[in-house]
Amino acid sequence: MKVVALISGGKDSCYNMMQCVAAGHRIVALANLRPANTDELDSYMYQTVGHQAIELYSEAMELPLYRRTIQGSSLDTGRDYTQTEGDEVEDLYQLLHLVKEKEAVEAVSVGAILSDYQRVRVENVCSRLGLQPLAYLWRRDQESLLSEMISSDLRAVLIKVAAFGLDPEKHLGKSLADMEPYLKQLSQKYGVHICGEGGEYETFTLDCPLFKKKIVIDAMETVIHSADAFAPVGYLRFTEMHAENKDGDAVARALPHGSCPCQNAIDKMTEEVEYADKAGDNQQEFTSNCDLSCQWGRDLPPSCSPRSSSGYQWISGINGLQSTDPGVQAQTTAAFTLLQAEMDSRGWQMRHIVLVHLYVRSMEDVAPLNAAYKKHFGINPPARVCVEAPLPPGQLLQMDCLLHHRAQPLEDGSFHQREALYVQSMSHWAPANIGPYSQALRVDESVFCAGQIALVPCTMQLLKAGTRSQARVTFSHVEKVLEATISSLTLDHVLQAHCYVTRSQDIAVVRAVWESMPRAAQEKDSFCEAEIRRCPLSVAVVPALPRGAAVELHVTAVADDPEERVSCRTTTNVAGGSIECHSVVSRDNQSASLSLSLARATPSSGLEVCGVDGGLEAISATFQKAMEKLGSGLLPQCARLFYKHDHSLAGQIAAGLGECLRTSLGQSSPSLALVPVLGLPDSQILHLSCWLSV
């Protein structure tokens, strides 16, 4: 892509340019926002110290430089940003609008490492202009990143210091290479961000492999901004500078070939399973030329869970069959009309939706469906899971939604915390969103993740590897999303996990990978050697996944102590088979997961001997008994019933289960989402997965 690089003069914006070139993009222009009549602007967004030398970047790189004087100020300083007249972000919009008009750029290079504040605002501007943000430093490990910058021949000097342990008289003007050991010491002793992400220091880049000329500072002066005894603040003001020719062989490269950080991480993660992938990569079991339609559940009305005391409610069974137009966009519009009516009757609004499960009859319908879908959400859409399922004839989509809202404050007087992780930038971190959804929604200590597949973050292309490798990469992406949403969250904190595959022989593969993923370090003593038991992985086989992926993972996690959770597993024999039940309750007893599966005793056994009524009675009784063990207060929100689409008994049980649960549980009955699938683990014919909340 043709890229304009946002430059401040600092190491981060410069190194991100190098990463863009290494990724195959072409820098065609530079852009910079400068302060008016001051050395340094009190800005949440922009580094302005050192702006006197920015003009030399154009000469050094032989590229056009577009500059604009910052006229606005920091008005909208919230976590999210909406277009605000007079805000300094609108200066960035005007600058990039001009560059796009003049240079026909397609993407923007931005050097954000950890600041959601900066990333969100650049992404807002890029979205409005139809530009792709490229933030290859985003959430990189700072210590390794700094070393990588230095070893890549990027030569930068400190031009501002503002942290304990950094002295303007000693450290201003020193190179990054000279400062690296000392910065590591400060990081270890005092928690200083080694790349200066906490504002501890700022830099100016004098040379890098992209420069055709190097920048030389001939004269400068030190300005003490604050003479604090513990953390004095000072910066350099450049007064004389020039660009100087470099040796011809010094203008050669940006990054060594094959040094892509995320690809290296993926290679390391998957190298030991490559052989196993190749050995098991057989022809797909299910093909599109057979009728995969499910014959049950078409005429069931939407169902709704009870509203929990903490503000949750689930609505399931939303489809667009009432549309007279059979097309997917018309059915999507009709589905949202039905959903809106269900929400209106219960006092909900679209902004209260936290998570959407979307099942489509064909993945080819997702693009036109998204065109209608995205009209209903604003800047932070809900997280979403999207897979293909063998829906009933004529039904192109099915939705269920989790909603949350609670106006009353918590017991301690604070209000519920709701935050979206909505990353649109391409990076080396994890995939940018590929549709109108957030990667995760946080509500207090719970995190509801969108489905993840094995995309290579820096290219957004599907990993070309077998199921085992795709599973490892997918699960790693999910963990990165969890950690970015709530620091220190890992796969061990997952309370409920759904995994979709496209071949039944891959069920055992993804289960094995799930159990083999690294666990968080545990502090053990000689009296306690207990190992954290990861929550069970519910696996279902579906006809297709986004981008042709082999694996998709969706999880719900809770920021608690996984070692303190209470889990219970029981098996109940029924005629011709068994019902297995597994529950996990969070440490604070605020949420839980409950899974229940009906399986034949052997693959060849009929199980039909128990009959529809017997099956319904057994499942309902097991569910009710499990609820009683979980204790009062926890309400079942969504019971997601995966059932084999071509199994008559499973379909009939699915069709009657909602009424059966309402009869036995009354107003505590969950919202029932019926999901026909091609296959389930072992000899299961149906699997119910339920999330509960107080």
# chains A, B, ... in the order shown; residues from 1 in each chain; ligands from 1

call {"tool": "select_by_dssp", "arguments": {"residues": "region 348-511 of chain A", "states": "strand (DSSP E or B)", "output": "ChimeraX atom specification"}}
result
/A:353-360,383-388,397-404,418-421,426,438,440-443,446-449,452,455-456,461-462,494-501

call {"tool": "residues_around", "arguments": {"residues": "Leu30 (chain A)", "least_positions_apart": "4", "cutoff": "7 Å", "atoms": "only C-alpha atoms", "output": "VMD selection string"}}
result
chain A and resid 4 to 7 63 to 66

call {"tool": "write_last_selection", "arguments": {"atoms": "all heavy atoms", "output": "mmCIF file, in the first residue's frame"}}
result
data_model
loop_
_atom_site.group_PDB
_atom_site.id
_atom_site.type_symbol
_atom_site.label_atom_id
_atom_site.label_comp_id
_atom_site.auth_asym_id
_atom_site.auth_seq_id
_atom_site.Cartn_x
_atom_site.Cartn_y
_atom_site.Cartn_z
ATOM 1 N N VAL A 4 1.389 7.143 4.079
ATOM 2 C CA VAL A 4 1.905 8.387 4.632
ATOM 3 C C VAL A 4 2.328 8.090 6.059
ATOM 4 O O VAL A 4 1.606 7.443 6.822
ATOM 5 C CB VAL A 4 0.863 9.526 4.598
ATOM 6 C CG1 VAL A 4 -0.447 9.133 5.279
ATOM 7 C CG2 VAL A 4 1.439 10.784 5.255
ATOM 8 N N ALA A 5 3.516 8.532 6.422
ATOM 9 C CA ALA A 5 4.044 8.273 7.759
ATOM 10 C C ALA A 5 3.831 9.492 8.641
ATOM 11 O O ALA A 5 4.293 10.590 8.312
ATOM 12 C CB ALA A 5 5.527 7.928 7.687
ATOM 13 N N LEU A 6 3.116 9.289 9.755
ATOM 14 C CA LEU A 6 3.022 10.336 10.759
ATOM 15 C C LEU A 6 4.340 10.360 11.515
ATOM 16 O O LEU A 6 4.740 9.354 12.103
ATOM 17 C CB LEU A 6 1.873 10.046 11.732
ATOM 18 C CG LEU A 6 0.451 10.209 11.194
ATOM 19 C CD1 LEU A 6 -0.559 9.816 12.266
ATOM 20 C CD2 LEU A 6 0.210 11.630 10.742
ATOM 21 N N ILE A 7 5.026 11.495 11.500
ATOM 22 C CA ILE A 7 6.333 11.572 12.150
ATOM 23 C C ILE A 7 6.332 12.669 13.208
ATOM 24 O O ILE A 7 5.737 13.735 13.030
ATOM 25 C CB ILE A 7 7.471 11.816 11.131
ATOM 26 C CG1 ILE A 7 7.229 13.109 10.345
ATOM 27 C CG2 ILE A 7 7.614 10.627 10.192
ATOM 28 C CD1 ILE A 7 8.424 13.570 9.548
ATOM 29 N N LEU A 63 11.364 12.781 0.373
ATOM 30 C CA LEU A 63 9.918 12.606 0.279
ATOM 31 C C LEU A 63 9.231 13.921 0.606
ATOM 32 O O LEU A 63 9.761 14.739 1.379
ATOM 33 C CB LEU A 63 9.435 11.536 1.272
ATOM 34 C CG LEU A 63 9.806 10.084 0.984
ATOM 35 C CD1 LEU A 63 9.390 9.193 2.151
ATOM 36 C CD2 LEU A 63 9.148 9.600 -0.305
ATOM 37 N N PRO A 64 8.029 14.138 0.059
ATOM 38 C CA PRO A 64 7.296 15.363 0.407
ATOM 39 C C PRO A 64 6.843 15.329 1.871
ATOM 40 O O PRO A 64 6.437 14.279 2.387
ATOM 41 C CB PRO A 64 6.096 15.338 -0.542
ATOM 42 C CG PRO A 64 5.914 13.901 -0.913
ATOM 43 C CD PRO A 64 7.300 13.317 -0.939
ATOM 44 N N LEU A 65 6.935 16.461 2.540
ATOM 45 C CA LEU A 65 6.519 16.588 3.928
ATOM 46 C C LEU A 65 5.344 17.547 4.012
ATOM 47 O O LEU A 65 5.412 18.686 3.536
ATOM 48 C CB LEU A 65 7.677 17.112 4.785
ATOM 49 C CG LEU A 65 7.331 17.523 6.226
ATOM 50 C CD1 LEU A 65 6.888 16.317 7.041
ATOM 51 C CD2 LEU A 65 8.525 18.221 6.885
ATOM 52 N N TYR A 66 4.266 17.085 4.601
ATOM 53 C CA TYR A 66 3.080 17.913 4.809
ATOM 54 C C TYR A 66 3.000 18.266 6.293
ATOM 55 O O TYR A 66 3.022 17.381 7.147
ATOM 56 C CB TYR A 66 1.812 17.170 4.379
ATOM 57 C CG TYR A 66 1.730 16.919 2.891
ATOM 58 C CD1 TYR A 66 2.392 15.826 2.320
ATOM 59 C CD2 TYR A 66 1.019 17.768 2.050
ATOM 60 C CE1 TYR A 66 2.330 15.588 0.955
ATOM 61 C CE2 TYR A 66 0.948 17.544 0.681
ATOM 62 C CZ TYR A 66 1.609 16.452 0.142
ATOM 63 O OH TYR A 66 1.544 16.219 -1.216
#

call {"tool": "residues_around", "arguments": {"residues": "Ser58 (chain A)", "least_positions_apart": "6", "cutoff": "12 Å", "atoms": "only C-alpha atoms", "output": "MDAnalysis selection string"}}
result
chainID A and resid 5 7 9 27:32 64:67 210:215 242:243

call {"tool": "residues_around", "arguments": {"residues": "Ala621 (chain A)", "least_positions_apart": "2", "cutoff": "12 Å", "atoms": "only C-alpha atoms", "output": "ChimeraX atom specification"}}
result
/A:572,574,579,581,596,613-619,623-628,657,660-661,663-665

call {"tool": "closest_residue", "arguments": {"among": "A:Arg442, A:Arg662, A:Lys184, A:Arg128", "to": "Ser144 (chain A)", "atoms": "only C-alpha atoms"}}
result
A:Lys184

call {"tool": "residues_around", "arguments": {"residues": "region 393-396 of chain A", "least_positions_apart": "6", "cutoff": "12 Å", "atoms": "only C-alpha atoms", "output": "ChimeraX atom specification"}}
result
/A:291-299,317-335,358-366,368-369,387

call {"tool": "atom_distance", "arguments": {"atom1": "CA of Glu202 (chain A)", "atom2": "CA of Gln47 (chain A)"}}
result
8.0 Å

call {"tool": "atom_distance", "arguments": {"atom1": "CA of Gln398 (chain A)", "atom2": "CA of Gly611 (chain A)"}}
result
28.0 Å

call {"tool": "atom_distance", "arguments": {"atom1": "CA of Ser689 (chain A)", "atom2": "CA of Leu598 (chain A)"}}
result
11.9 Å

call {"tool": "residues_around", "arguments": {"residues": "Thr48 (chain A)", "least_positions_apart": "4", "cutoff": "12 Å", "atoms": "only C-alpha atoms", "output": "ChimeraX atom specification"}}
result
/A:7-10,32-44,52-54,69-70,159-160,202-204,235-237

call {"tool": "residues_around", "arguments": {"residues": "region 416-431 of chain A", "least_positions_apart": "2", "cutoff": "9 Å", "atoms": "only C-alpha atoms", "output": "JSON, numbers by chain"}}
result
{"A": [79, 119, 120, 123, 127, 132, 133, 134, 135, 136, 137, 138, 139, 140, 260, 261, 262, 263, 379, 380, 381, 382, 383, 405, 406, 407, 408, 409, 410, 414, 433, 434, 437, 438, 439, 440, 441, 442, 443, 444, 445, 452, 453, 454, 455, 456, 457, 458, 459, 460, 476, 477, 478, 480, 481, 484, 485]}

call {"tool": "select_by_dssp", "arguments": {"residues": "region 90-259 of chain A", "states": "alpha helix (DSSP H)", "output": "PyMOL selection string"}}
result
chain A and resi 90-103+116-129+142-151+168-171+176-190

call {"tool": "write_last_selection", "arguments": {"atoms": "C-alpha atoms", "output": "PDB file, in the first residue's frame"}}
result
ATOM      1  CA  GLU A  90      -9.394  17.368  14.003  1.00  0.00           C
ATOM      2  CA  ASP A  91      -6.072  18.962  13.023  1.00  0.00           C
ATOM      3  CA  LEU A  92      -4.851  15.444  12.262  1.00  0.00           C
ATOM      4  CA  TYR A  93      -7.988  14.823  10.191  1.00  0.00           C
ATOM      5  CA  GLN A  94      -7.406  17.941   8.115  1.00  0.00           C
ATOM      6  CA  LEU A  95      -3.726  17.089   7.609  1.00  0.00           C
ATOM      7  CA  LEU A  96      -4.374  13.510   6.475  1.00  0.00           C
ATOM      8  CA  HIS A  97      -7.300  14.611   4.323  1.00  0.00           C
ATOM      9  CA  LEU A  98      -4.907  16.879   2.418  1.00  0.00           C
ATOM     10  CA  VAL A  99      -2.265  14.157   2.070  1.00  0.00           C
ATOM     11  CA  LYS A 100      -4.807  11.648   0.780  1.00  0.00           C
ATOM     12  CA  GLU A 101      -6.062  14.172  -1.741  1.00  0.00           C
ATOM     13  CA  LYS A 102      -2.551  15.039  -2.963  1.00  0.00           C
ATOM     14  CA  GLU A 103      -0.767  11.668  -2.774  1.00  0.00           C
ATOM     15  CA  ASP A 116      -4.930   3.426  23.613  1.00  0.00           C
ATOM     16  CA  TYR A 117      -5.587   7.153  23.723  1.00  0.00           C
ATOM     17  CA  GLN A 118      -3.449   7.802  20.635  1.00  0.00           C
ATOM     18  CA  ARG A 119      -4.441   4.619  18.808  1.00  0.00           C
ATOM     19  CA  VAL A 120      -8.176   5.219  19.207  1.00  0.00           C
ATOM     20  CA  ARG A 121      -7.925   8.754  17.851  1.00  0.00           C
ATOM     21  CA  VAL A 122      -5.732   7.874  14.874  1.00  0.00           C
ATOM     22  CA  GLU A 123      -8.094   4.992  14.058  1.00  0.00           C
ATOM     23  CA  ASN A 124     -11.065   7.341  14.284  1.00  0.00           C
ATOM     24  CA  VAL A 125      -9.488   9.712  11.765  1.00  0.00           C
ATOM     25  CA  CYS A 126      -8.402   6.872   9.477  1.00  0.00           C
ATOM     26  CA  SER A 127     -11.886   5.343   9.554  1.00  0.00           C
ATOM     27  CA  ARG A 128     -13.456   8.635   8.516  1.00  0.00           C
ATOM     28  CA  LEU A 129     -10.959   8.976   5.649  1.00  0.00           C
ATOM     29  CA  GLN A 142       9.288  -2.857  25.152  1.00  0.00           C
ATOM     30  CA  GLU A 143      12.662  -4.225  26.205  1.00  0.00           C
ATOM     31  CA  SER A 144      13.075  -6.402  23.119  1.00  0.00           C
ATOM     32  CA  LEU A 145      11.659  -3.619  20.938  1.00  0.00           C
ATOM     33  CA  LEU A 146      14.236  -1.106  22.162  1.00  0.00           C
ATOM     34  CA  SER A 147      17.063  -3.566  21.536  1.00  0.00           C
ATOM     35  CA  GLU A 148      15.660  -4.289  18.094  1.00  0.00           C
ATOM     36  CA  MET A 149      15.569  -0.587  17.226  1.00  0.00           C
ATOM     37  CA  ILE A 150      19.177  -0.096  18.245  1.00  0.00           C
ATOM     38  CA  SER A 151      20.406  -3.199  16.427  1.00  0.00           C
ATOM     39  CA  PRO A 168      18.625  16.770  31.978  1.00  0.00           C
ATOM     40  CA  GLU A 169      22.226  17.729  32.643  1.00  0.00           C
ATOM     41  CA  LYS A 170      23.485  14.146  32.310  1.00  0.00           C
ATOM     42  CA  HIS A 171      21.228  12.399  29.846  1.00  0.00           C
ATOM     43  CA  LEU A 176      19.659   5.305  22.763  1.00  0.00           C
ATOM     44  CA  ALA A 177      22.467   2.785  22.433  1.00  0.00           C
ATOM     45  CA  ASP A 178      24.416   4.464  25.247  1.00  0.00           C
ATOM     46  CA  MET A 179      21.297   4.787  27.402  1.00  0.00           C
ATOM     47  CA  GLU A 180      19.951   1.262  26.928  1.00  0.00           C
ATOM     48  CA  PRO A 181      21.696  -0.388  29.934  1.00  0.00           C
ATOM     49  CA  TYR A 182      20.683   2.470  32.233  1.00  0.00           C
ATOM     50  CA  LEU A 183      17.084   2.467  30.994  1.00  0.00           C
ATOM     51  CA  LYS A 184      16.897  -1.259  31.741  1.00  0.00           C
ATOM     52  CA  GLN A 185      18.104  -0.550  35.290  1.00  0.00           C
ATOM     53  CA  LEU A 186      15.461   2.150  35.779  1.00  0.00           C
ATOM     54  CA  SER A 187      12.801  -0.175  34.441  1.00  0.00           C
ATOM     55  CA  GLN A 188      13.760  -2.975  36.830  1.00  0.00           C
ATOM     56  CA  LYS A 189      14.126  -0.707  39.875  1.00  0.00           C
ATOM     57  CA  TYR A 190      11.322   1.811  39.448  1.00  0.00           C
TER      58      TYR A 190
END

call {"tool": "closest_residue", "arguments": {"among": "A:Leu674, A:Val157, A:Val447, A:Met220", "to": "Thr239 (chain A)", "atoms": "only C-alpha atoms"}}
result
A:Met220
